[in-house]
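Shown next: query_12.cif, containing mmCIF, C-alpha atoms and all ligand atoms.
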```
data_final
loop_
_atom_site.label_atom_id
_atom_site.label_comp_id
_atom_site.auth_asym_id
_atom_site.auth_seq_id
_atom_site.Cartn_x
_atom_site.Cartn_y
_atom_site.Cartn_z
CA MET A 1 0.00 0.00 0.00
CA LYS A 2 1.12 3.54 -0.65
CA LEU A 3 -0.33 6.56 1.12
CA TYR A 4 -0.22 9.91 -0.63
CA TYR A 5 -0.08 12.54 2.11
CA ALA A 6 0.70 16.14 2.98
CA PRO A 7 2.39 16.88 6.33
CA GLY A 8 -0.13 17.55 9.11
CA ALA A 9 -3.13 17.19 6.78
CA CYS A 10 -6.01 14.81 7.47
CA SER A 11 -3.92 12.10 5.77
CA LEU A 12 -2.00 11.96 9.07
CA ALA A 13 -4.95 9.90 10.42
CA ASP A 14 -4.38 7.25 7.73
CA HIS A 15 -0.62 7.39 8.34
CA ILE A 16 -1.11 6.68 12.07
CA ALA A 17 -3.58 3.88 11.25
CA LEU A 18 -1.09 2.30 8.84
CA ILE A 19 1.61 2.28 11.52
CA GLU A 20 -0.84 0.90 14.12
CA SER A 21 -1.90 -1.80 11.65
CA GLY A 22 1.58 -3.27 11.38
CA LEU A 23 0.97 -3.81 7.66
CA PRO A 24 3.69 -3.00 5.11
CA TYR A 25 3.21 0.41 3.52
CA GLU A 26 5.04 3.30 1.95
CA THR A 27 4.25 6.99 1.78
CA GLU A 28 4.66 9.66 -0.86
CA HIS A 29 4.55 13.35 -0.11
CA VAL A 30 2.21 15.55 -2.18
CA ASP A 31 2.78 19.28 -2.58
CA LEU A 32 -0.80 20.54 -2.33
CA ARG A 33 0.02 23.82 -4.05
CA SER A 34 1.64 22.40 -7.18
CA ARG A 35 -0.18 19.01 -6.94
CA ILE A 36 3.14 17.33 -7.73
CA THR A 37 4.24 14.27 -5.75
CA ALA A 38 7.72 13.74 -4.33
CA GLY A 39 8.32 11.35 -7.23
CA GLY A 40 7.49 14.11 -9.74
CA ALA A 41 4.06 12.79 -10.76
CA ASP A 42 1.02 14.97 -11.40
CA PHE A 43 -1.14 14.12 -8.38
CA ARG A 44 -4.34 15.01 -10.28
CA LEU A 45 -3.71 11.99 -12.47
CA ILE A 46 -3.59 9.84 -9.31
CA ASN A 47 -6.55 11.46 -7.54
CA PRO A 48 -8.53 13.73 -9.88
CA LYS A 49 -10.16 15.31 -6.79
CA GLY A 50 -6.70 16.77 -6.09
CA TYR A 51 -6.74 16.24 -2.35
CA VAL A 52 -5.07 13.91 0.11
CA PRO A 53 -5.38 11.24 1.36
CA ALA A 54 -5.22 8.80 -1.51
CA LEU A 55 -4.23 5.21 -0.98
CA GLU A 56 -2.78 2.98 -3.65
CA MET A 57 -3.99 -0.46 -2.71
CA ASP A 58 -1.99 -3.62 -3.35
CA ASP A 59 -3.83 -4.22 -6.65
CA GLY A 60 -2.77 -0.76 -7.87
CA GLU A 61 -6.26 0.76 -7.55
CA ILE A 62 -6.55 4.19 -5.89
CA LEU A 63 -8.89 4.63 -2.94
CA THR A 64 -9.86 8.11 -1.71
CA GLU A 65 -11.88 9.58 1.20
CA ASN A 66 -10.79 9.18 4.80
CA ILE A 67 -13.77 7.06 5.81
CA ALA A 68 -13.07 4.57 3.02
CA ILE A 69 -9.29 4.51 3.46
CA LEU A 70 -9.46 4.14 7.24
CA SER A 71 -12.09 1.39 6.89
CA TYR A 72 -9.89 -0.38 4.34
CA ILE A 73 -6.84 -0.25 6.64
CA ALA A 74 -9.00 -1.54 9.51
CA ALA A 75 -10.30 -4.42 7.38
CA GLU A 76 -6.80 -5.32 6.22
CA SER A 77 -5.42 -5.21 9.76
CA GLY A 78 -8.38 -6.99 11.34
CA TRP A 79 -7.97 -5.05 14.55
CA LEU A 80 -8.30 -1.29 14.03
CA SER A 81 -12.04 -1.92 14.08
CA PRO A 82 -13.63 -5.27 14.94
CA PRO A 83 -14.54 -7.09 11.68
CA ASP A 84 -18.20 -7.29 12.78
CA GLY A 85 -20.44 -6.90 15.80
CA PRO A 86 -21.77 -3.78 17.55
CA ILE A 87 -18.39 -2.09 18.05
CA HIS A 88 -17.66 -2.33 14.31
CA TRP A 89 -20.72 -0.18 13.63
CA ARG A 90 -19.98 2.23 16.49
CA VAL A 91 -16.46 2.77 15.11
CA LEU A 92 -17.90 3.48 11.65
CA GLU A 93 -20.51 5.79 13.17
CA MET A 94 -17.81 7.75 15.00
CA THR A 95 -15.54 7.89 11.93
CA ALA A 96 -18.43 9.29 9.86
CA TYR A 97 -19.27 11.77 12.63
CA ILE A 98 -15.69 13.03 12.71
CA SER A 99 -15.63 13.39 8.92
CA THR A 100 -18.98 15.11 8.45
CA GLU A 101 -19.51 17.04 11.69
CA ILE A 102 -15.93 17.97 12.62
CA HIS A 103 -13.42 17.70 9.75
CA LYS A 104 -15.47 19.65 7.20
CA HIS A 105 -15.73 22.69 9.48
CA PHE A 106 -11.97 23.19 9.70
CA LYS A 107 -11.86 24.19 6.04
CA LEU A 108 -13.35 27.57 6.94
CA LEU A 109 -10.96 28.06 9.87
CA PHE A 110 -7.95 27.44 7.61
CA ASP A 111 -9.16 29.80 4.90
CA PRO A 112 -7.35 33.15 5.29
CA SER A 113 -10.00 34.90 3.21
CA ALA A 114 -12.92 33.66 5.35
CA ASP A 115 -15.16 36.05 7.27
CA PRO A 116 -13.83 36.30 10.89
CA GLU A 117 -17.41 36.35 12.25
CA GLN A 118 -18.21 33.13 10.44
CA GLN A 119 -14.97 31.65 11.76
CA ALA A 120 -15.90 32.59 15.34
CA LYS A 121 -19.29 30.88 14.89
CA THR A 122 -17.55 27.79 13.52
CA ARG A 123 -15.16 27.68 16.50
CA LYS A 124 -18.16 27.83 18.83
CA LEU A 125 -19.95 25.07 16.93
CA LEU A 126 -16.87 22.86 17.00
CA THR A 127 -16.42 23.41 20.74
CA GLN A 128 -20.06 22.31 21.24
CA THR A 129 -19.44 19.21 19.12
CA PHE A 130 -16.25 18.39 21.04
CA ASN A 131 -18.07 18.92 24.36
CA ARG A 132 -20.81 16.50 23.29
CA LEU A 133 -18.25 13.95 22.15
CA ALA A 134 -16.31 14.26 25.44
CA GLY A 135 -19.55 13.85 27.40
CA ASP A 136 -20.24 10.55 25.62
CA MET A 137 -16.77 9.16 26.31
CA GLY A 138 -16.24 6.59 29.02
CA ASP A 139 -13.22 6.24 31.30
CA THR A 140 -11.06 4.36 28.82
CA THR A 141 -7.96 5.95 27.31
CA CYS A 142 -9.21 5.45 23.74
CA LEU A 143 -12.72 5.87 22.32
CA PHE A 144 -13.61 2.17 22.43
CA GLY A 145 -11.34 0.76 25.10
CA GLU A 146 -7.62 0.79 25.68
CA HIS A 147 -6.56 0.18 22.08
CA PRO A 148 -6.98 2.81 19.36
CA MET A 149 -9.38 2.20 16.49
CA ILE A 150 -9.47 4.10 13.19
CA ALA A 151 -11.76 6.73 14.76
CA ASP A 152 -9.05 7.52 17.34
CA CYS A 153 -6.49 8.07 14.57
CA TYR A 154 -8.88 10.51 12.88
CA LEU A 155 -9.93 12.29 16.07
CA PHE A 156 -6.27 12.78 17.01
CA VAL A 157 -5.71 14.92 13.90
CA MET A 158 -8.86 16.97 14.53
CA LEU A 159 -7.70 17.70 18.09
CA MET A 160 -4.20 18.57 16.87
CA TRP A 161 -5.73 21.15 14.52
CA ALA A 162 -8.10 22.44 17.21
CA ARG A 163 -5.25 22.95 19.69
CA GLY A 164 -3.01 24.42 16.99
CA LYS A 165 -3.70 27.04 14.39
CA ALA A 166 -7.50 26.63 14.38
CA GLY A 167 -7.66 27.81 18.01
CA VAL A 168 -10.73 25.81 19.04
CA HIS A 169 -11.31 25.42 22.77
CA LEU A 170 -11.39 21.79 23.90
CA PRO A 171 -12.83 20.24 27.07
CA ALA A 172 -10.31 18.83 29.58
CA ARG A 173 -11.38 15.24 28.81
CA LEU A 174 -10.25 15.60 25.20
CA ASN A 175 -6.97 17.26 26.17
CA THR A 176 -6.20 14.29 28.45
CA TYR A 177 -7.17 11.91 25.64
CA PHE A 178 -4.96 13.81 23.18
CA ASP A 179 -1.97 13.80 25.57
CA HIS A 180 -2.34 10.04 25.95
CA LEU A 181 -2.42 9.48 22.18
CA CYS A 182 0.63 11.72 21.74
CA LYS A 183 2.66 9.21 23.73
CA ARG A 184 1.85 6.28 21.43
CA PRO A 185 4.82 5.15 19.33
CA SER A 186 2.63 5.14 16.19
CA VAL A 187 1.67 8.79 16.67
CA ARG A 188 5.24 9.83 17.46
CA GLN A 189 6.55 7.99 14.42
CA ALA A 190 3.94 9.43 12.04
CA LEU A 191 4.62 12.96 13.31
CA GLU A 192 8.36 12.46 12.94
CA ASP A 193 8.00 10.95 9.44
CA GLU A 194 5.92 13.98 8.40
CA GLY A 195 8.47 16.38 9.89
CA LEU A 196 6.09 17.68 12.57
CA ASP A 197 7.31 18.71 15.98
CA MET A 198 4.83 18.27 18.85
CA SER A 199 7.30 18.87 21.73
N1 LIG A 201 -13.54 14.40 1.66
C1 LIG A 201 -12.12 14.23 1.77
C2 LIG A 201 -11.50 15.58 2.18
C3 LIG A 201 -9.98 15.49 2.20
C4 LIG A 201 -9.38 16.85 2.49
O1 LIG A 201 -10.06 17.80 2.94
N2 LIG A 201 -8.06 16.96 2.24
C5 LIG A 201 -7.37 18.21 2.43
C6 LIG A 201 -6.27 18.05 3.50
S1 LIG A 201 -6.93 17.81 5.10
C7 LIG A 201 -6.68 18.60 1.15
O2 LIG A 201 -5.96 17.82 0.54
N3 LIG A 201 -6.91 19.85 0.72
C8 LIG A 201 -6.29 20.37 -0.43
C9 LIG A 201 -7.27 20.74 -1.49
O3 LIG A 201 -8.46 20.39 -1.36
O4 LIG A 201 -6.85 21.37 -2.42
C10 LIG A 201 -11.78 13.13 2.78
O5 LIG A 201 -12.49 13.01 3.78
O6 LIG A 201 -10.82 12.37 2.56
#
```

Can you turn what I pasted into structure tokens?
Ligand SMILES: N[C@@H](CCC(=O)N[C@@H](CS)C(=O)NCC(=O)O)C(=O)O
Amino acid sequence: MKLYYAPGACSLADHIALIESGLPYETEHVDLRSRITAGGADFRLINPKGYVPALEMDDGEILTENIAILSYIAAESGWLSPPDGPIHWRVLEMTAYISTEIHKHFKLLFDPSADPEQQAKTRKLLTQTFNRLAGDMGDTTCLFGEHPMIADCYLFVMLMWARGKAGVHLPARLNTYFDHLCKRPSVRQALEDEGLDMS
């Protein structure tokens, strides 16, 4: 498998999941401004949507969209989401929630030309969403127990953005959760591989 990524983008979730999976993989950096990959290819020919992540599967086919890529990695690993049963569906539910109710809102916060009032409203909305999510969490270190699932990999990136340049206030429960995930070797390795410094 090969993951096309940009440092610190949402593709970091797939990168962490790949490391957690223990499956063989490689990565290729994509310059999102020029849409040229580190190998000199035109990324739009790989993913016509032009955005990361894109995953080249072992049969050479390209898979896009975080929900699909994370689900694929989970299915291949057999343990980043249970293959079936109630937790499988809860993990998918949470992954979809993160994609549609959290991830999409950051676009406005990262747009320098966006209306500051609209951005303030979006920050407030995201804080409400994060508060609700924190309120639903149990006492475990990860969302569904002590071992991370694909939804944890995705949520980690959303929290990293919230705490960083997006400036979204997070409840204490999510800061504790984030600090715990930061210590995982998979997270440390993915951050290091992408040239990101979290110290
Ligand atoms: N719907 C896509 C969105 C992916 C996405 O927003 N990618 C961003 C990075 S976080 C990107 O590559 N943006 C560059 C662009 O759209 O030009 C998914 O969930 O995978």

Let me make sure I understand: among A:Lys49, A:Lys2, A:Arg123, A:His147, which one has the smallest atom-to-atom distance to ligand LIG 201 (chain A) if we use only C-alpha atoms and all ligand atoms? A:Lys49

Chain A residues near ligand LIG 201 (chain A) within 8 Å, closest pair each, using all atoms listed in the file, as a tab-separated table:
```
residue	atom	partner	partner_atom	distance
A:Ala6	CA	A:LIG201	C6	7.2
A:Gly8	CA	A:LIG201	S1	7.9
A:Ala9	CA	A:LIG201	S1	4.2
A:Cys10	CA	A:LIG201	S1	3.9
A:Ser11	CA	A:LIG201	S1	6.5
A:Leu32	CA	A:LIG201	C8	5.8
A:Arg33	CA	A:LIG201	O4	7.5
A:Lys49	CA	A:LIG201	O3	7.6
A:Gly50	CA	A:LIG201	O4	5.9
A:Tyr51	CA	A:LIG201	O2	3.4
A:Val52	CA	A:LIG201	O2	4.0
A:Pro53	CA	A:LIG201	O6	5.7
A:Ala54	CA	A:LIG201	O6	7.8
A:Thr64	CA	A:LIG201	O6	6.1
A:Glu65	CA	A:LIG201	O6	3.3
A:Asn66	CA	A:LIG201	O6	3.9
A:Ile67	CA	A:LIG201	O5	6.4
A:Ser99	CA	A:LIG201	O5	6.0
A:His103	CA	A:LIG201	O1	7.6
A:Lys104	CA	A:LIG201	O1	7.1
A:Lys107	CA	A:LIG201	O1	7.3
```

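Comparing A:Val187, A:Pro171, A:Asp139, A:Tyr5 by their smallest distance to Val157 in chain A, the closest is A:Val187 (using only C-alpha atoms).
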
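Using all atoms listed in the file for every distance, the candidate list A:Val91, A:Met137, A:Ile150, A:His169 yields A:His169 as the residue closest to Leu125 in chain A.
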
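We find CA of Asn131 in chain A and CA of Leu170 in chain A to be spaced 7.3 Å apart.
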